[in-house]
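The data block below is upload.pdb; it holds PDB, C-alpha atoms and all ligand atoms.
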```
ATOM      1  CA  MET Q   1     149.749 191.162  76.825
ATOM      2  CA  SER Q   2     152.548 192.664  74.712
ATOM      3  CA  ASN Q   3     152.735 196.374  73.927
ATOM      4  CA  LYS Q   4     153.097 195.619  70.218
ATOM      5  CA  VAL Q   5     151.019 197.648  67.786
ATOM      6  CA  ALA Q   6     149.655 196.319  64.477
ATOM      7  CA  VAL Q   7     147.964 198.294  61.697
ATOM      8  CA  VAL Q   8     145.671 196.512  59.227
ATOM      9  CA  THR Q   9     144.164 198.009  56.044
ATOM     10  CA  GLY Q  10     140.773 196.899  54.681
ATOM     11  CA  SER Q  11     139.457 195.653  58.051
ATOM     12  CA  SER Q  12     135.725 195.803  57.361
ATOM     13  CA  SER Q  13     135.485 192.276  55.921
ATOM     14  CA  GLY Q  14     137.324 189.129  54.832
ATOM     15  CA  PHE Q  15     140.980 188.514  55.676
ATOM     16  CA  GLY Q  16     141.399 192.028  57.133
ATOM     17  CA  LEU Q  17     138.566 191.676  59.630
ATOM     18  CA  LEU Q  18     139.625 188.172  60.711
ATOM     19  CA  THR Q  19     143.286 189.224  60.979
ATOM     20  CA  VAL Q  20     142.341 192.082  63.335
ATOM     21  CA  VAL Q  21     140.576 189.579  65.611
ATOM     22  CA  GLU Q  22     143.440 187.036  65.498
ATOM     23  CA  LEU Q  23     146.133 189.684  66.133
ATOM     24  CA  ALA Q  24     144.153 191.067  69.094
ATOM     25  CA  LYS Q  25     143.754 187.513  70.449
ATOM     26  CA  ALA Q  26     147.545 187.076  70.118
ATOM     27  CA  GLY Q  27     148.093 190.152  72.324
ATOM     28  CA  PHE Q  28     148.670 192.941  69.799
ATOM     29  CA  PHE Q  29     146.996 196.335  70.061
ATOM     30  CA  VAL Q  30     145.399 196.594  66.621
ATOM     31  CA  VAL Q  31     144.567 199.706  64.630
ATOM     32  CA  ALA Q  32     141.876 198.409  62.271
ATOM     33  CA  THR Q  33     141.665 200.810  59.355
ATOM     34  CA  MET Q  34     138.800 200.908  56.873
ATOM     35  CA  ARG Q  35     137.715 203.348  54.174
ATOM     36  CA  GLN Q  36     134.215 203.572  55.675
ATOM     37  CA  PRO Q  37     134.353 203.257  59.492
ATOM     38  CA  GLU Q  38     130.540 203.086  59.526
ATOM     39  CA  ARG Q  39     131.022 199.549  58.150
ATOM     40  CA  ARG Q  40     132.650 198.431  61.417
ATOM     41  CA  THR Q  41     129.611 196.468  62.703
ATOM     42  CA  ARG Q  42     130.831 193.065  61.449
ATOM     43  CA  LEU Q  43     134.217 193.616  63.076
ATOM     44  CA  ASP Q  44     132.594 194.673  66.381
ATOM     45  CA  GLN Q  45     130.404 191.559  66.285
ATOM     46  CA  ALA Q  46     133.374 189.282  65.526
ATOM     47  CA  LEU Q  47     135.399 190.787  68.386
ATOM     48  CA  ALA Q  48     132.491 190.429  70.833
ATOM     49  CA  ALA Q  49     131.918 186.821  69.736
ATOM     50  CA  ALA Q  50     135.624 185.939  70.202
ATOM     51  CA  ASN Q  51     135.972 187.565  73.634
ATOM     52  CA  PRO Q  52     134.099 190.590  75.051
ATOM     53  CA  GLU Q  53     137.399 191.963  76.470
ATOM     54  CA  LEU Q  54     139.008 192.026  73.015
ATOM     55  CA  SER Q  55     137.449 195.290  71.778
ATOM     56  CA  SER Q  56     139.632 197.222  74.255
ATOM     57  CA  ARG Q  57     142.642 196.054  72.183
ATOM     58  CA  VAL Q  58     141.251 197.314  68.877
ATOM     59  CA  GLU Q  59     140.726 200.812  67.555
ATOM     60  CA  VAL Q  60     139.034 201.663  64.242
ATOM     61  CA  ARG Q  61     140.420 204.495  62.101
ATOM     62  CA  GLN Q  62     139.452 205.760  58.652
ATOM     63  CA  LEU Q  63     141.935 205.029  55.846
ATOM     64  CA  ASP Q  64     141.199 204.804  52.135
ATOM     65  CA  VAL Q  65     144.335 203.466  50.433
ATOM     66  CA  THR Q  66     143.520 205.441  47.264
ATOM     67  CA  ALA Q  67     143.356 208.759  49.164
ATOM     68  CA  PHE Q  68     147.147 208.935  48.821
ATOM     69  CA  ASP Q  69     147.625 212.458  50.253
ATOM     70  CA  SER Q  70     145.775 211.649  53.487
ATOM     71  CA  ILE Q  71     147.884 208.577  54.341
ATOM     72  CA  PRO Q  72     151.029 210.175  55.901
ATOM     73  CA  GLY Q  73     148.845 212.192  58.316
ATOM     74  CA  ILE Q  74     146.788 209.149  59.354
ATOM     75  CA  VAL Q  75     149.923 207.080  60.031
ATOM     76  CA  ALA Q  76     151.573 210.008  61.890
ATOM     77  CA  ASP Q  77     148.497 210.193  64.164
ATOM     78  CA  ILE Q  78     148.780 206.459  64.921
ATOM     79  CA  VAL Q  79     152.478 206.826  65.821
ATOM     80  CA  ARG Q  80     151.748 209.924  67.948
ATOM     81  CA  ASP Q  81     148.993 208.095  69.868
ATOM     82  CA  HIS Q  82     150.639 204.675  70.250
ATOM     83  CA  GLY Q  83     154.360 205.409  70.044
ATOM     84  CA  ARG Q  84     155.237 202.535  67.695
ATOM     85  CA  ILE Q  85     154.116 200.284  64.834
ATOM     86  CA  ASP Q  86     155.385 196.708  64.914
ATOM     87  CA  VAL Q  87     153.279 195.156  62.180
ATOM     88  CA  LEU Q  88     151.659 196.550  59.048
ATOM     89  CA  VAL Q  89     149.244 194.278  57.203
ATOM     90  CA  ASN Q  90     148.711 195.701  53.706
ATOM     91  CA  ASN Q  91     145.476 193.904  52.955
ATOM     92  CA  ALA Q  92     142.969 196.255  51.263
ATOM     93  CA  GLY Q  93     142.113 195.193  47.738
ATOM     94  CA  PHE Q  94     139.462 194.163  45.255
ATOM     95  CA  ALA Q  95     139.230 192.497  41.842
ATOM     96  CA  VAL Q  96     138.242 193.833  38.425
ATOM     97  CA  GLY Q  97     136.823 191.092  36.197
ATOM     98  CA  GLY Q  98     136.495 191.215  32.429
ATOM     99  CA  PHE Q  99     138.439 190.244  29.308
ATOM    100  CA  ALA Q 100     141.518 192.472  28.886
ATOM    101  CA  GLU Q 101     140.095 193.544  25.510
ATOM    102  CA  ASP Q 102     137.038 195.002  27.303
ATOM    103  CA  VAL Q 103     138.528 196.525  30.466
ATOM    104  CA  GLN Q 104     138.710 200.315  30.202
ATOM    105  CA  LEU Q 105     141.816 202.239  31.231
ATOM    106  CA  ASP Q 106     140.058 203.953  34.150
ATOM    107  CA  GLU Q 107     139.008 200.518  35.464
ATOM    108  CA  LEU Q 108     142.576 199.211  35.222
ATOM    109  CA  ARG Q 109     143.821 202.406  36.918
ATOM    110  CA  LEU Q 110     141.461 202.000  39.877
ATOM    111  CA  GLN Q 111     142.654 198.400  40.222
ATOM    112  CA  MET Q 112     146.306 199.483  40.252
ATOM    113  CA  ASP Q 113     145.574 202.467  42.538
ATOM    114  CA  THR Q 114     143.952 200.230  45.138
ATOM    115  CA  ASN Q 115     145.930 196.996  44.994
ATOM    116  CA  PHE Q 116     149.367 198.404  44.184
ATOM    117  CA  PHE Q 117     149.767 202.199  44.449
ATOM    118  CA  GLY Q 118     147.643 202.197  47.618
ATOM    119  CA  GLN Q 119     150.061 199.873  49.421
ATOM    120  CA  VAL Q 120     153.086 202.036  48.597
ATOM    121  CA  PRO Q 121     152.252 205.242  50.574
ATOM    122  CA  VAL Q 122     150.948 203.205  53.537
ATOM    123  CA  THR Q 123     154.218 201.248  53.674
ATOM    124  CA  LYS Q 124     156.389 204.341  53.110
ATOM    125  CA  ALA Q 125     154.569 206.164  55.933
ATOM    126  CA  VAL Q 126     155.268 203.286  58.355
ATOM    127  CA  LEU Q 127     158.912 202.614  57.413
ATOM    128  CA  PRO Q 128     160.547 205.562  59.290
ATOM    129  CA  THR Q 129     159.020 204.297  62.557
ATOM    130  CA  MET Q 130     160.149 200.714  61.914
ATOM    131  CA  ARG Q 131     163.590 201.954  60.854
ATOM    132  CA  ALA Q 132     163.914 203.926  64.131
ATOM    133  CA  GLN Q 133     162.760 200.859  66.124
ATOM    134  CA  ARG Q 134     165.124 198.678  64.066
ATOM    135  CA  SER Q 135     162.270 196.195  63.888
ATOM    136  CA  GLY Q 136     158.950 195.634  62.184
ATOM    137  CA  HIS Q 137     156.985 193.344  59.884
ATOM    138  CA  VAL Q 138     155.404 194.599  56.654
ATOM    139  CA  ILE Q 139     153.032 191.834  55.575
ATOM    140  CA  ILE Q 140     151.655 192.279  52.070
ATOM    141  CA  VAL Q 141     148.547 190.350  51.059
ATOM    142  CA  SER Q 142     149.284 189.478  47.458
ATOM    143  CA  SER Q 143     147.741 186.445  45.722
ATOM    144  CA  ILE Q 144     148.762 183.308  43.861
ATOM    145  CA  LEU Q 145     147.747 185.505  40.897
ATOM    146  CA  GLY Q 146     150.758 187.683  41.723
ATOM    147  CA  LEU Q 147     152.921 184.724  40.665
ATOM    148  CA  MET Q 148     150.911 183.241  37.797
ATOM    149  CA  SER Q 149     148.116 184.855  35.794
ATOM    150  CA  GLN Q 150     144.686 183.647  34.803
ATOM    151  CA  PRO Q 151     142.320 184.878  32.097
ATOM    152  CA  VAL Q 152     139.538 187.424  32.713
ATOM    153  CA  VAL Q 153     141.319 188.964  35.728
ATOM    154  CA  SER Q 154     144.265 190.532  33.875
ATOM    155  CA  SER Q 155     143.957 193.840  35.804
ATOM    156  CA  TYR Q 156     143.993 192.039  39.140
ATOM    157  CA  CYS Q 157     146.962 189.875  38.060
ATOM    158  CA  ALA Q 158     148.866 192.967  36.899
ATOM    159  CA  SER Q 159     148.296 194.713  40.244
ATOM    160  CA  LYS Q 160     149.449 191.682  42.257
ATOM    161  CA  HIS Q 161     152.472 191.043  40.002
ATOM    162  CA  ALA Q 162     153.457 194.707  40.575
ATOM    163  CA  LEU Q 163     153.172 194.190  44.334
ATOM    164  CA  GLU Q 164     155.346 191.072  44.157
ATOM    165  CA  GLY Q 165     158.147 192.854  42.281
ATOM    166  CA  TRP Q 166     158.043 195.896  44.534
ATOM    167  CA  ALA Q 167     158.023 193.816  47.715
ATOM    168  CA  GLU Q 168     160.975 191.651  46.625
ATOM    169  CA  SER Q 169     163.143 194.765  46.172
ATOM    170  CA  LEU Q 170     161.894 196.359  49.382
ATOM    171  CA  ARG Q 171     162.608 193.165  51.343
ATOM    172  CA  ILE Q 172     166.299 193.291  50.416
ATOM    173  CA  GLU Q 173     166.547 197.068  50.985
ATOM    174  CA  MET Q 174     165.100 196.822  54.505
ATOM    175  CA  ARG Q 175     166.874 193.625  55.533
ATOM    176  CA  SER Q 176     169.850 195.227  57.311
ATOM    177  CA  LEU Q 177     167.527 197.693  59.079
ATOM    178  CA  GLY Q 178     165.594 194.986  60.951
ATOM    179  CA  VAL Q 179     162.395 195.355  58.905
ATOM    180  CA  LYS Q 180     160.924 192.141  57.477
ATOM    181  CA  VAL Q 181     158.885 192.369  54.280
ATOM    182  CA  VAL Q 182     156.686 189.337  53.633
ATOM    183  CA  LEU Q 183     154.297 188.323  50.835
ATOM    184  CA  VAL Q 184     151.209 186.203  51.555
ATOM    185  CA  GLU Q 185     149.824 184.539  48.414
ATOM    186  CA  PRO Q 186     146.386 183.021  48.975
ATOM    187  CA  GLY Q 187     144.395 180.913  46.551
ATOM    188  CA  ALA Q 188     140.588 181.192  46.535
ATOM    189  CA  TYR Q 189     138.973 181.893  49.948
ATOM    190  CA  ALA Q 190     135.333 182.672  50.742
ATOM    191  CA  THR Q 191     135.333 186.453  51.338
ATOM    192  CA  ASP Q 192     133.431 189.440  49.936
ATOM    193  CA  ILE Q 193     135.978 189.770  47.104
ATOM    194  CA  TRP Q 194     133.863 187.286  45.114
ATOM    195  CA  THR Q 195     130.525 188.947  45.853
ATOM    196  CA  ARG Q 196     130.029 192.457  47.256
ATOM    197  CA  ASN Q 197     133.438 193.760  46.152
ATOM    198  CA  VAL Q 198     133.799 192.262  42.692
ATOM    199  CA  VAL Q 199     133.764 194.838  39.885
ATOM    200  CA  ILE Q 200     132.936 193.605  36.377
ATOM    201  CA  SER Q 201     134.144 195.849  33.574
ATOM    202  CA  ARG Q 202     131.399 198.094  32.129
ATOM    203  CA  VAL Q 203     131.817 196.792  28.556
ATOM    204  CA  ALA Q 204     131.505 193.172  29.696
ATOM    205  CA  THR Q 205     128.121 193.897  31.288
ATOM    206  CA  SER Q 206     126.829 196.313  28.613
ATOM    207  CA  GLY Q 207     126.138 193.636  26.032
ATOM    208  CA  GLU Q 208     128.534 195.365  23.597
ATOM    209  CA  SER Q 209     131.435 193.054  24.355
ATOM    210  CA  PRO Q 210     132.670 190.755  21.588
ATOM    211  CA  ASN Q 211     133.431 188.377  24.469
ATOM    212  CA  SER Q 212     129.867 188.169  25.839
ATOM    213  CA  GLU Q 213     129.445 184.424  25.364
ATOM    214  CA  ARG Q 214     132.936 183.601  26.728
ATOM    215  CA  ASN Q 215     132.247 185.957  29.616
ATOM    216  CA  ARG Q 216     128.984 184.181  30.417
ATOM    217  CA  ARG Q 217     130.715 180.782  30.431
ATOM    218  CA  PHE Q 218     133.502 182.130  32.648
ATOM    219  CA  VAL Q 219     131.079 183.595  35.201
ATOM    220  CA  GLN Q 220     129.167 180.310  35.231
ATOM    221  CA  GLY Q 221     132.433 178.427  35.873
ATOM    222  CA  VAL Q 222     133.371 180.766  38.745
ATOM    223  CA  LYS Q 223     129.928 180.269  40.312
ATOM    224  CA  GLU Q 224     130.320 176.496  40.081
ATOM    225  CA  GLN Q 225     133.670 176.649  41.876
ATOM    226  CA  SER Q 226     132.588 179.076  44.623
ATOM    227  CA  SER Q 227     131.390 176.342  46.995
ATOM    228  CA  ARG Q 228     134.971 175.029  47.049
ATOM    229  CA  HIS Q 229     136.489 178.296  48.371
ATOM    230  CA  ALA Q 230     138.443 177.782  51.583
ATOM    231  CA  ASP Q 231     137.893 179.243  55.076
ATOM    232  CA  PRO Q 232     139.557 182.720  55.280
ATOM    233  CA  LEU Q 233     140.363 182.184  58.966
ATOM    234  CA  GLU Q 234     143.264 180.026  57.709
ATOM    235  CA  VAL Q 235     144.873 183.110  56.129
ATOM    236  CA  ALA Q 236     144.216 185.339  59.176
ATOM    237  CA  ARG Q 237     145.944 182.758  61.373
ATOM    238  CA  LEU Q 238     148.860 182.496  58.943
ATOM    239  CA  ILE Q 239     149.317 186.299  58.957
ATOM    240  CA  THR Q 240     149.221 186.307  62.767
ATOM    241  CA  ARG Q 241     151.897 183.578  62.901
ATOM    242  CA  ILE Q 242     154.094 185.541  60.462
ATOM    243  CA  ALA Q 243     153.614 188.707  62.568
ATOM    244  CA  GLN Q 244     155.161 186.873  65.548
ATOM    245  CA  ASP Q 245     157.940 185.133  63.610
ATOM    246  CA  PRO Q 246     161.319 186.846  64.105
ATOM    247  CA  LYS Q 247     162.628 185.295  60.879
ATOM    248  CA  PRO Q 248     159.777 185.107  58.373
ATOM    249  CA  ARG Q 249     160.328 183.911  54.806
ATOM    250  CA  LEU Q 250     159.724 186.189  51.805
ATOM    251  CA  ARG Q 251     156.746 184.168  50.512
ATOM    252  CA  TYR Q 252     153.884 182.166  52.007
ATOM    253  CA  LEU Q 253     151.461 180.431  49.657
ATOM    254  CA  ALA Q 254     148.089 179.843  51.344
ATOM    255  CA  GLY Q 255     145.600 177.165  50.382
ATOM    256  CA  ARG Q 256     145.728 173.833  48.617
ATOM    257  CA  ASP Q 257     144.741 175.359  45.252
ATOM    258  CA  ALA Q 258     147.555 177.938  45.414
ATOM    259  CA  LYS Q 259     150.177 175.358  46.425
ATOM    260  CA  MET Q 260     149.045 172.803  43.826
ATOM    261  CA  GLY Q 261     148.750 175.430  41.061
ATOM    262  CA  HIS Q 262     152.216 176.791  41.796
ATOM    263  CA  PHE Q 263     153.732 173.299  41.823
ATOM    264  CA  LEU Q 264     152.057 172.248  38.557
ATOM    265  CA  ARG Q 265     152.894 175.520  36.821
ATOM    266  CA  ALA Q 266     156.605 174.890  37.466
ATOM    267  CA  LEU Q 267     156.285 171.327  36.167
ATOM    268  CA  ILE Q 268     154.139 171.727  33.039
ATOM    269  CA  PRO Q 269     155.456 173.418  29.869
ATOM    270  CA  TRP Q 270     153.656 176.701  29.069
ATOM    271  CA  ASN Q 271     152.086 175.481  25.788
ATOM    272  CA  THR Q 272     150.386 172.615  27.625
ATOM    273  CA  TRP Q 273     149.540 174.762  30.637
ATOM    274  CA  GLU Q 274     147.712 177.493  28.674
ATOM    275  CA  GLY Q 275     145.454 174.936  27.004
ATOM    276  CA  MET Q 276     144.594 173.407  30.380
ATOM    277  CA  ILE Q 277     143.720 176.807  31.869
ATOM    278  CA  GLU Q 278     141.684 177.813  28.805
ATOM    279  CA  LYS Q 279     139.605 174.649  29.194
ATOM    280  CA  ARG Q 280     139.268 174.813  32.982
ATOM    281  CA  MET Q 281     138.246 178.500  32.950
ATOM    282  CA  LYS Q 282     135.835 177.879  30.023
ATOM    283  CA  VAL Q 283     137.243 180.737  27.907
ATOM    284  CA  GLY Q 284     138.111 178.771  24.761
TER     285      GLY Q 284
HETATM  286  N1  LIG C   1     139.569 185.974  48.997
HETATM  287  C1  LIG C   1     140.401 185.508  48.088
HETATM  288  O1  LIG C   1     140.115 184.506  47.420
HETATM  289  C2  LIG C   1     141.728 186.187  47.899
HETATM  290  C3  LIG C   1     142.750 185.465  47.286
HETATM  291  C4  LIG C   1     144.000 186.072  47.115
HETATM  292  C5  LIG C   1     144.215 187.355  47.584
HETATM  293  N2  LIG C   1     143.189 188.045  48.172
HETATM  294  C6  LIG C   1     143.493 189.407  48.647
HETATM  295  O2  LIG C   1     143.111 189.550  49.994
HETATM  296  C7  LIG C   1     142.914 190.923  50.293
HETATM  297  C8  LIG C   1     141.642 191.081  51.103
HETATM  298  O3  LIG C   1     140.531 190.690  50.320
HETATM  299  P1  LIG C   1     139.383 189.736  50.866
HETATM  300  O4  LIG C   1     139.453 188.485  50.113
HETATM  301  O5  LIG C   1     139.397 189.691  52.338
HETATM  302  O6  LIG C   1     138.091 190.509  50.293
HETATM  303  P2  LIG C   1     137.015 191.455  50.965
HETATM  304  O7  LIG C   1     136.243 190.728  52.004
HETATM  305  O8  LIG C   1     136.284 192.047  49.827
HETATM  306  O9  LIG C   1     137.873 192.576  51.729
HETATM  307  C9  LIG C   1     138.512 193.607  51.040
HETATM  308  C10 LIG C   1     138.705 194.762  51.984
HETATM  309  O10 LIG C   1     139.432 195.785  51.294
HETATM  310  C11 LIG C   1     138.751 197.000  51.512
HETATM  311  N3  LIG C   1     139.028 197.993  50.476
HETATM  312  C12 LIG C   1     138.751 197.968  49.157
HETATM  313  N4  LIG C   1     139.152 199.112  48.571
HETATM  314  C13 LIG C   1     139.709 199.866  49.564
HETATM  315  C14 LIG C   1     140.298 201.145  49.613
HETATM  316  N5  LIG C   1     140.377 201.929  48.518
HETATM  317  N6  LIG C   1     140.791 201.595  50.800
HETATM  318  C15 LIG C   1     140.694 200.844  51.907
HETATM  319  N7  LIG C   1     140.109 199.649  51.934
HETATM  320  C16 LIG C   1     139.621 199.167  50.770
HETATM  321  C17 LIG C   1     137.280 196.631  51.576
HETATM  322  O11 LIG C   1     136.579 197.699  52.177
HETATM  323  P3  LIG C   1     134.993 197.976  51.980
HETATM  324  O12 LIG C   1     134.300 197.145  53.009
HETATM  325  O13 LIG C   1     134.842 199.438  52.207
HETATM  326  O14 LIG C   1     134.632 197.545  50.596
HETATM  327  C18 LIG C   1     137.383 195.391  52.436
HETATM  328  O15 LIG C   1     137.506 195.726  53.789
HETATM  329  C19 LIG C   1     142.894 191.649  48.952
HETATM  330  O16 LIG C   1     144.122 192.310  48.765
HETATM  331  C20 LIG C   1     142.735 190.523  47.943
HETATM  332  O17 LIG C   1     143.285 190.839  46.699
HETATM  333  C21 LIG C   1     141.965 187.498  48.334
END
```
Turn the structure described in the file into structure tokens.
Ligand SMILES: NC(=O)c1ccc[n+]([C@@H]2O[C@H](COP(=O)([O-])OP(=O)(O)OC[C@H]3O[C@@H](n4cnc5c(N)ncnc54)[C@H](OP(=O)(O)O)[C@@H]3O)[C@@H](O)[C@H]2O)c1
Amino acid sequence: MSNKVAVVTGSSSGFGLLTVVELAKAGFFVVATMRQPERRTRLDQALAAANPELSSRVEVRQLDVTAFDSIPGIVADIVRDHGRIDVLVNNAGFAVGGFAEDVQLDELRLQMDTNFFGQVPVTKAVLPTMRAQRSGHVIIVSSILGLMSQPVVSSYCASKHALEGWAESLRIEMRSLGVKVVLVEPGAYATDIWTRNVVISRVATSGESPNSERNRRFVQGVKEQSSRHADPLEVARLITRIAQDPKPRLRYLAGRDAKMGHFLRALIPWNTWEGMIEKRMKVG
């Protein structure tokens, strides 16, 4: 077992939960943070199912990425108790759905606060420790939608595009200090982001939206595609490999849909592309 310490945000489900298990299996001591520690049952069950010894390598702590003022203190406590942080996995996030015309400013703000502004104070709180160690991996769970946008998730795309731009700059700034900043860009994977954690804009669900019929068709299309979502363990294993790679790349696309979409987007002229997406997403 190594003495390396990893911190993961949003560990109560999906990629975060699975990444905690995979990092612990790889020998890390993992601080699994979640906004509601009472939701730790699924993580405890997954750890016990993987190996009953594993829970001794995992500790759950409360961290809400939108409670900005509390973050420096929480990270300071982790450093005080464990002496170092080798890996930060910025994973917490959710998706706001709804036509841009319908999404209210407070809904867009919550999306940006969680998916973008939330990652900033967590990263900034960890950087002094990594700088002093002259080593560390900051792994940011972005999305293929941080590179190319789709309709009806404009808020989500904006938040992930912001993360991409911020991370690219940070990567170069931290390069000479031994800190590696990495973006993971998954396509569609079967996690709670599509079910329990999806937030549909109030106007879209109120019946007042001028986009009601298009919205209905879009939701129907998403439902039809949901059986094709990939196994999230793939992403947890990718993150764990990156965490152990001394020379990680800036970007890692994850999933066939993300890789194919990215390839086609570079190949197909925009005017053709937008018509294809409009048809595929049933928003025309
Ligand atoms: N699944 C996909 O298809 C996909 C594709 C591309 C990128 N992603 C990205 O992957 C990341 C993880 O999502 P997932 O797919 O694993 O979905 P998920 O199962 O819904 O997990 C999201 C996690 O984020 C947590 N979270 C939400 N708001 C938070 C906050 N304010 N503070 C702390 N934690 C918070 C949730 O906590 P609660 O349990 O308390 O709700 C949950 O643990 C997200 O950044 C998402 O954008 C997902």
Shell of 7 Å around ligand LIG 1 (chain C) (only C-alpha atoms and all ligand atoms), written as a PyMOL selection string:
chain Q and resi 9-16+34-36+39+63-66+91-95+114-115+141-144+185-193+196-197
Which of Q:Arg57, Q:Arg256, Q:Arg280, Q:Lys180 sits closest to Val31 of chain Q [using all atoms listed in the file]:
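Distance minimum relative to Val31 of chain Q lands on Q:Arg57.
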Which is closer to Ala100 of chain Q than all the others in Q:Thr41, Q:Asn271, Q:Ser154, Q:Ser176, using all atoms listed in the file?
Q:Ser154
With distances taken over only C-alpha atoms, the candidate from Q:Val203, Q:Arg109, Q:Leu17, Q:Trp194 nearest Arg42 of chain Q is Q:Leu17
Here's the selection I'm unsure about, the PyMOL selection byres (((chain Q and resi 202) around 12) and not hetatm); applied to the file above, which residues does it give, as a list in words?
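That selection, the PyMOL selection byres (((chain Q and resi 202) around 12) and not hetatm), comes back as Val96, Gly97, Gly98, Phe99, Glu101, Asp102, Val103, Gln104, Leu105, Asp106, Glu107, Leu108, Val199, Ile200, Ser201, Val203, Ala204, Thr205, Ser206, Gly207, Glu208, Ser209 and Ser212 of chain Q.
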Could you state which residues are captured by the PyMOL selection byres (((chain Q and resi 277) around 12) and not hetatm) in this file, as a PDB file with C-alpha atoms, in the frame of the given file?
```pdb
ATOM      1  CA  MET Q 148     150.911 183.241  37.797  1.00  0.00           C
ATOM      2  CA  SER Q 149     148.116 184.855  35.794  1.00  0.00           C
ATOM      3  CA  GLN Q 150     144.686 183.647  34.803  1.00  0.00           C
ATOM      4  CA  PRO Q 151     142.320 184.878  32.097  1.00  0.00           C
ATOM      5  CA  VAL Q 152     139.538 187.424  32.713  1.00  0.00           C
ATOM      6  CA  PHE Q 218     133.502 182.130  32.648  1.00  0.00           C
ATOM      7  CA  GLY Q 261     148.750 175.430  41.061  1.00  0.00           C
ATOM      8  CA  LEU Q 264     152.057 172.248  38.557  1.00  0.00           C
ATOM      9  CA  ARG Q 265     152.894 175.520  36.821  1.00  0.00           C
ATOM     10  CA  ILE Q 268     154.139 171.727  33.039  1.00  0.00           C
ATOM     11  CA  TRP Q 270     153.656 176.701  29.069  1.00  0.00           C
ATOM     12  CA  ASN Q 271     152.086 175.481  25.788  1.00  0.00           C
ATOM     13  CA  THR Q 272     150.386 172.615  27.625  1.00  0.00           C
ATOM     14  CA  TRP Q 273     149.540 174.762  30.637  1.00  0.00           C
ATOM     15  CA  GLU Q 274     147.712 177.493  28.674  1.00  0.00           C
ATOM     16  CA  GLY Q 275     145.454 174.936  27.004  1.00  0.00           C
ATOM     17  CA  MET Q 276     144.594 173.407  30.380  1.00  0.00           C
ATOM     18  CA  GLU Q 278     141.684 177.813  28.805  1.00  0.00           C
ATOM     19  CA  LYS Q 279     139.605 174.649  29.194  1.00  0.00           C
ATOM     20  CA  ARG Q 280     139.268 174.813  32.982  1.00  0.00           C
ATOM     21  CA  MET Q 281     138.246 178.500  32.950  1.00  0.00           C
ATOM     22  CA  LYS Q 282     135.835 177.879  30.023  1.00  0.00           C
ATOM     23  CA  VAL Q 283     137.243 180.737  27.907  1.00  0.00           C
ATOM     24  CA  GLY Q 284     138.111 178.771  24.761  1.00  0.00           C
TER      25      GLY Q 284
END
```
Of the listed residues Q:Ile85, Q:Val219, Q:Ala254, Q:Val20, that which approaches Glu59 of chain Q most closely, counting all atoms listed in the file:
Q:Val20
